[in-house]
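Engineer: I am attaching a structure below and will ask some questions about it afterwards.
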Amino acid sequence: DPHGRFSIDPQFGIIRTKKQLDHETQSVVVLTVQSQLGNSPVYSSTQVNISVIDVNDNPPIFLSESDKVAISYTQPPGTAVYIAHAEDKDSGLNGAIKYSIASKPSHAFSIDPSLGVVNLTRPVFAEKQQEYILHIAAEDCGSPPLTSLLILTAINLTDRRLDSVAVKIVVLDTNDNRPSFTSSPHSYVMEDVEVGFPVHRVIAKDPDEGRNGQVTYHILSGNENKAFVLDKITGLLTTARVLDREVQECYSLMVMVLDDGSPALSATQVLTVTVLDVNDETPVFLKRHYEAAVRENQDPGEFVVKVEAVDRDAGLNSLLRYEILPGTGYEKFKMNSDSGELVTTVSLDRESQHVFSIKGNSCHDLGSPSRSSTAQLYLTVLDENDHSPLFAKTQYQISMREDLKEGSTILDLFASDEDAGLNGEVTYSLIDNTFGAFAINSVTGSIVTTKTLDRETKSQYTFRAVASDCSTQLPRSTTVSVVVHVDDINDNDPVFLQNPIRAFVPAETLVNETVATVRAEDVDLGSNGAVVFSLMTAETVFQINATTGDIVLQEPLSSKNFSTQLLVMASDQGISPRTATAMVIIFTEEQTEEILFSHNLYEASVPENSAAGGH
């Protein structure tokens with residue numbers, strides 16, 4: 001922007017005009033906009049093409065405000081006696097000109113609204129009118145339209161008072177040769193030439209002499225976008241605007257050469273102007289981002305995706321070559337430089353890398369200098385079921401109390417599978433006989449009890465758990481051993497091996513001699529199953545050994561007819577001890593002891609829902 005016509009907001013990037021623009025001076029402005037993040041030395045740039053839209057601010061202009069032309073009664077109707085030509089600097093409809101006769105002194109003349117050619121509509125006679133004044137209007141097609149006038153004086157040379165002009169009439173009558181083109185009907189121009197660049201010189205010859213041999217050049221059609229200007233005198237064709245081969249590659253201009261005779265004679269030629277290409281177009285990918293998927297474990301050379309770009313240029317300027325620029329993971333792929341097909345160079349492993357984001361997919365043309373563009377590739381590696389579920393351990397050992405409620409969780413198994421989707425989704429199951437004691441949640445892997453356990457019945461369970469993936473093709477599985485140890489609780493009372501116990505003691509038994517031994521067992525483990533004995537009532541004659549259960553005489557027997565009953569309690573050593581009682585009947589040999597209940601009838605009441613083992 002060397003003329004400072006525009007400004008840009010440095011924060012929001014809004015471009016505004018600073019000066020009034022003129023389409024006729026410059027119809028296209030190309031700005032280079034640069035962006036930069038903070039004080040970073042890295043920046044990027046882009047081109048902004050601004051088209052200045054034409055408004056109808058220029059009227060058509062005749063080369064002169066007035067002109068004269070000679071006519072003769074010998075000229076038949078339809079003879080072209082004058083060509084009106086005006087120029088309008090505007091573009092499009094604003095520059096398209098229509099010609100008309102604004103004031104008609106008679107009906108002797110007509111005008112072609114497009115070409116401006118004035119024709120006779122009937123013969124003219126001097127005795128009727130010696131001079132005709134025509135007001136020729138040139139009006140553009142803008143909104144509102146602008147108009148210019150040309151005053152044309154047509155002098156009737158039939159008048160004898162114009163003898164000095166009679167020679168001219170004779171010359172006009174001898175205008176019997178049409179102009180003929182001698183220049184080539186083909187021309188070539190590079191698309192990057194500046195406005196005003198000479199493209200071609202149209203040359204025509206007319207063997208007539210004087211004005212009859214003087215020719216002017218005009219473009220009749222094919223120049224609707226006003227890409228060219230033809231000098232009517234020299235025949236030099238120049239560019240009137242910037243050319244773009246990608247918009248229009250060929251122009252077919254209908255060129256007319258017209259002599260200045262009366263009547264004027266003309267010839268036409270189709271001039272073909274071919275716009276030659278320069279490398280001004282950057283290749284454009286059909287997609288800015290390509291997404292593709294490729295299966296893992298495939299042999300090198302597996303097809304991944306085909307990228308494609310187009311270049312509007314021609315020839316070598318449009319031939320493209322593709323490549324992958326260096327970046328993370330790019331060495332695992334190879335691109336065909338001609339076709340843009342991407343294939344693998346190694347067997348891919350999804351578990352090592354499941355996504356490749358390649359930002360350096362590039363294509364460049366073969367022009368000089370070359371132009372290039374880039375696109376991004378986002379590649380996903382599809383999973384195959386090549387991994388089995390894995391447990392954290394090869395064997396699990398767990399201990400549990402035997403009083404756990406049914407449905408209690410004793411172990412949460414977890415197996416991981418590196419595969420994806422159904423290939424990595426794990427379900428759990430149990431194999432081997434668990435004696436109906438355990439079940440596993442197929443989704444969570446939690447092992448739960450399915451009944452109340454009894455250590456005294458079975459103290460250890462060994463079974464296997466299986467983790468299987470959910471692949472629909474070839475599912476994979478892993479087995480792990482689970483050992484469950486049932487820990488003891490104090491849930492069993494001591495049991496006397498004999499109850500009641502009869503002991504026959506001679507009257508002369510010595511003090512500290514064992515007279516009887518009680519035995520009791522407890523199926524619990526450890527302290528829960530260790531039994532100690534005691535007498536339930538204070539006793540001076542006998543004493544019991546807490547560990548062995550031996551009942552020892554402490555005092556001599558008082559008589560030969562001695563007898564007594566001892567209540568012995570067996571107690572385990574659990575935290576909440578459980579007990580049992582037994583009766584020991586001691587008597588001398590001379591006496592037989594008889595066991596009698598203290599009451600004939602015992603009555604008791606028990607509340608409902610009482611716990612088992614309540615007293």
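Following the order of the structure tokens, first chain is A, next is B, and so on, with residues numbered from 1 inside each chain and ligands from 1 in the order they appear.
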Might you pull out every residue within 9 Å of A:Ala415, with only C-alpha atoms counted and same-chain residues fewer than 3 positions away left off, and present them as a VMD selection string?
Structural biologist: chain A and resid 389 to 392 426 to 428 445 467 478
Engineer: Could you find all residues in stretch 66-146 of chain A that DSSP calls strand (DSSP E or B) from the backbone, and write them as a PyMOL selection string?
Structural biologist: chain A and resi 66-71+80-83+86-87+97-103+109-111+117-120+131-140
Engineer: Quick one: residues within 7 Å of A:Leu146, only C-alpha atoms, excluding same-chain residues fewer than 4 positions away - as a list in words?
Structural biologist: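 Those residues are Pro59, Glu139 and Asp140 of chain A.
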Engineer: DSSP says helix (DSSP H, G or I) for which residues of stretch 103-327 of chain A? Put them as an MDAnalysis selection string?
Structural biologist: chainID A and resid 160:173 210:213 315:318
Engineer: Just the residues within 9 Å of A:Ser180, please, counting only C-alpha atoms, with nothing from its chain fewer than 6 positions along; format it as a list in words.
Structural biologist: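 In the requested format, the answer is Ile203, Ala204, Lys205, Asp206, Val257, Ser266, Ala267 and Thr268 of chain A.
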Engineer: Need the shell around stretch 15-32 of chain A: protein/DNA/RNA residues with any atom at most 10 Å away, counting only C-alpha atoms. Skip same-chain ones fewer than 4 positions apart. Format as a ChimeraX atom specification?
Structural biologist: /A:1,3-10,45-55,57-58,89-91,195,241-242
Engineer: Compile the contact shell of A:Leu411 as a ChimeraX atom specification: residues with an atom at most 6 Å away, counting only C-alpha atoms, same-chain residues fewer than 2 positions apart removed.
Structural biologist: /A:409,446-447
Engineer: Taking 4 positions as the minimum chain separation for residues in the same chain, which residues sit within 9 Å of stretch 421-424 of chain A when counting only C-alpha atoms? Answer as a list of chain:residue names.
Structural biologist: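 Counting only the stated atoms, we get A:Asp383, A:Glu384, A:Asn385, A:Asp386, A:His387, A:Ser388, A:Pro389, A:Ser416, A:Asp417, A:Asp469, A:Cys470, A:Ser471, A:Thr472, A:Pro475, A:Arg476.
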Engineer: Store the residues picked out above in a file with N, CA, C and O atoms, as a PDB file, in the first residue's frame.
Structural biologist:
ATOM      1  N   ASP A 383      -7.368 -51.250  16.183  1.00  0.00           N
ATOM      2  CA  ASP A 383      -6.919 -52.311  17.086  1.00  0.00           C
ATOM      3  C   ASP A 383      -7.196 -53.693  16.520  1.00  0.00           C
ATOM      4  O   ASP A 383      -8.206 -53.929  15.847  1.00  0.00           O
ATOM      5  N   GLU A 384      -6.259 -54.604  16.808  1.00  0.00           N
ATOM      6  CA  GLU A 384      -6.484 -56.034  16.631  1.00  0.00           C
ATOM      7  C   GLU A 384      -6.330 -56.691  17.997  1.00  0.00           C
ATOM      8  O   GLU A 384      -5.589 -56.198  18.853  1.00  0.00           O
ATOM      9  N   ASN A 385      -7.012 -57.827  18.191  1.00  0.00           N
ATOM     10  CA  ASN A 385      -6.996 -58.475  19.507  1.00  0.00           C
ATOM     11  C   ASN A 385      -5.705 -59.280  19.663  1.00  0.00           C
ATOM     12  O   ASN A 385      -5.696 -60.507  19.538  1.00  0.00           O
ATOM     13  N   ASP A 386      -4.621 -58.559  19.949  1.00  0.00           N
ATOM     14  CA  ASP A 386      -3.319 -59.213  20.059  1.00  0.00           C
ATOM     15  C   ASP A 386      -2.776 -59.200  21.485  1.00  0.00           C
ATOM     16  O   ASP A 386      -1.601 -59.500  21.703  1.00  0.00           O
ATOM     17  N   HIS A 387      -3.601 -58.854  22.469  1.00  0.00           N
ATOM     18  CA  HIS A 387      -3.171 -58.868  23.865  1.00  0.00           C
ATOM     19  C   HIS A 387      -4.224 -59.593  24.712  1.00  0.00           C
ATOM     20  O   HIS A 387      -5.424 -59.392  24.528  1.00  0.00           O
ATOM     21  N   SER A 388      -3.739 -60.455  25.621  1.00  0.00           N
ATOM     22  CA  SER A 388      -4.627 -61.133  26.556  1.00  0.00           C
ATOM     23  C   SER A 388      -4.783 -60.287  27.810  1.00  0.00           C
ATOM     24  O   SER A 388      -3.900 -59.498  28.159  1.00  0.00           O
ATOM     25  N   PRO A 389      -5.923 -60.446  28.509  1.00  0.00           N
ATOM     26  CA  PRO A 389      -6.059 -59.755  29.798  1.00  0.00           C
ATOM     27  C   PRO A 389      -4.965 -60.198  30.758  1.00  0.00           C
ATOM     28  O   PRO A 389      -4.538 -61.364  30.749  1.00  0.00           O
ATOM     29  N   SER A 416      -6.225 -56.135  33.313  1.00  0.00           N
ATOM     30  CA  SER A 416      -6.146 -55.084  32.294  1.00  0.00           C
ATOM     31  C   SER A 416      -5.839 -55.702  30.940  1.00  0.00           C
ATOM     32  O   SER A 416      -5.168 -56.725  30.840  1.00  0.00           O
ATOM     33  N   ASP A 417      -6.383 -55.039  29.893  1.00  0.00           N
ATOM     34  CA  ASP A 417      -6.153 -55.498  28.525  1.00  0.00           C
ATOM     35  C   ASP A 417      -5.784 -54.276  27.697  1.00  0.00           C
ATOM     36  O   ASP A 417      -6.539 -53.308  27.621  1.00  0.00           O
ATOM     37  N   ASP A 469     -11.501 -61.338  27.275  1.00  0.00           N
ATOM     38  CA  ASP A 469     -11.925 -60.127  26.571  1.00  0.00           C
ATOM     39  C   ASP A 469     -13.185 -60.430  25.777  1.00  0.00           C
ATOM     40  O   ASP A 469     -13.632 -61.575  25.687  1.00  0.00           O
ATOM     41  N   CYS A 470     -13.777 -59.375  25.202  1.00  0.00           N
ATOM     42  CA  CYS A 470     -15.082 -59.505  24.536  1.00  0.00           C
ATOM     43  C   CYS A 470     -14.957 -59.470  23.020  1.00  0.00           C
ATOM     44  O   CYS A 470     -15.904 -59.068  22.330  1.00  0.00           O
ATOM     45  N   SER A 471     -13.808 -59.834  22.494  1.00  0.00           N
ATOM     46  CA  SER A 471     -13.626 -59.820  21.047  1.00  0.00           C
ATOM     47  C   SER A 471     -14.655 -60.724  20.379  1.00  0.00           C
ATOM     48  O   SER A 471     -14.965 -61.813  20.870  1.00  0.00           O
ATOM     49  N   THR A 472     -15.178 -60.247  19.240  1.00  0.00           N
ATOM     50  CA  THR A 472     -16.159 -61.044  18.497  1.00  0.00           C
ATOM     51  C   THR A 472     -15.479 -62.019  17.547  1.00  0.00           C
ATOM     52  O   THR A 472     -16.161 -62.858  16.949  1.00  0.00           O
ATOM     53  N   PRO A 475     -11.602 -64.366  20.923  1.00  0.00           N
ATOM     54  CA  PRO A 475     -11.385 -63.816  22.270  1.00  0.00           C
ATOM     55  C   PRO A 475     -10.193 -64.494  22.950  1.00  0.00           C
ATOM     56  O   PRO A 475      -9.891 -65.655  22.715  1.00  0.00           O
ATOM     57  N   ARG A 476      -9.536 -63.715  23.807  1.00  0.00           N
ATOM     58  CA  ARG A 476      -8.367 -64.203  24.540  1.00  0.00           C
ATOM     59  C   ARG A 476      -8.691 -64.141  26.025  1.00  0.00           C
ATOM     60  O   ARG A 476      -9.495 -63.313  26.472  1.00  0.00           O
TER      61      ARG A 476
END
Engineer: Considering only C-alpha atoms, can you say which of A:Val482, A:Asn433, A:Ala516, A:Val584 comes closest to A:Asn499?
Structural biologist: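 The closest residue to A:Asn499 is A:Val584.
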Engineer: Between A:Thr282, A:Ser347, A:Asn512, A:Thr452, single out the one closest to A:Ser372, counting only C-alpha atoms.
Structural biologist: A:Thr282
Engineer: Compare A:Gly213, A:Gly95, A:Pro198, A:Gly327 by their minimum atom-to-atom distance to A:Ala240, counting only C-alpha atoms, and give me the closest one.
Structural biologist: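 That would be A:Pro198, the residue with the smallest distance to A:Ala240.
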Engineer: Suppose you want the space between atom CA of A:Ser64 and atom CA of A:Leu237; what is it in Å?
Structural biologist: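 Distance reported for this atom pair: 22.5 Å.
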Engineer: Please measure the separation of atom CA of A:Asp244 and atom CA of A:Tyr322, giving the value in Å to one decimal.
Structural biologist: 26.1 Å
Engineer: Just give me the gap between atom CA of A:Ser408 and atom CA of A:Thr449 in Å, one decimal is fine.
Structural biologist: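 Going from atom CA of A:Ser408 over to atom CA of A:Thr449, I get 5.5 Å.
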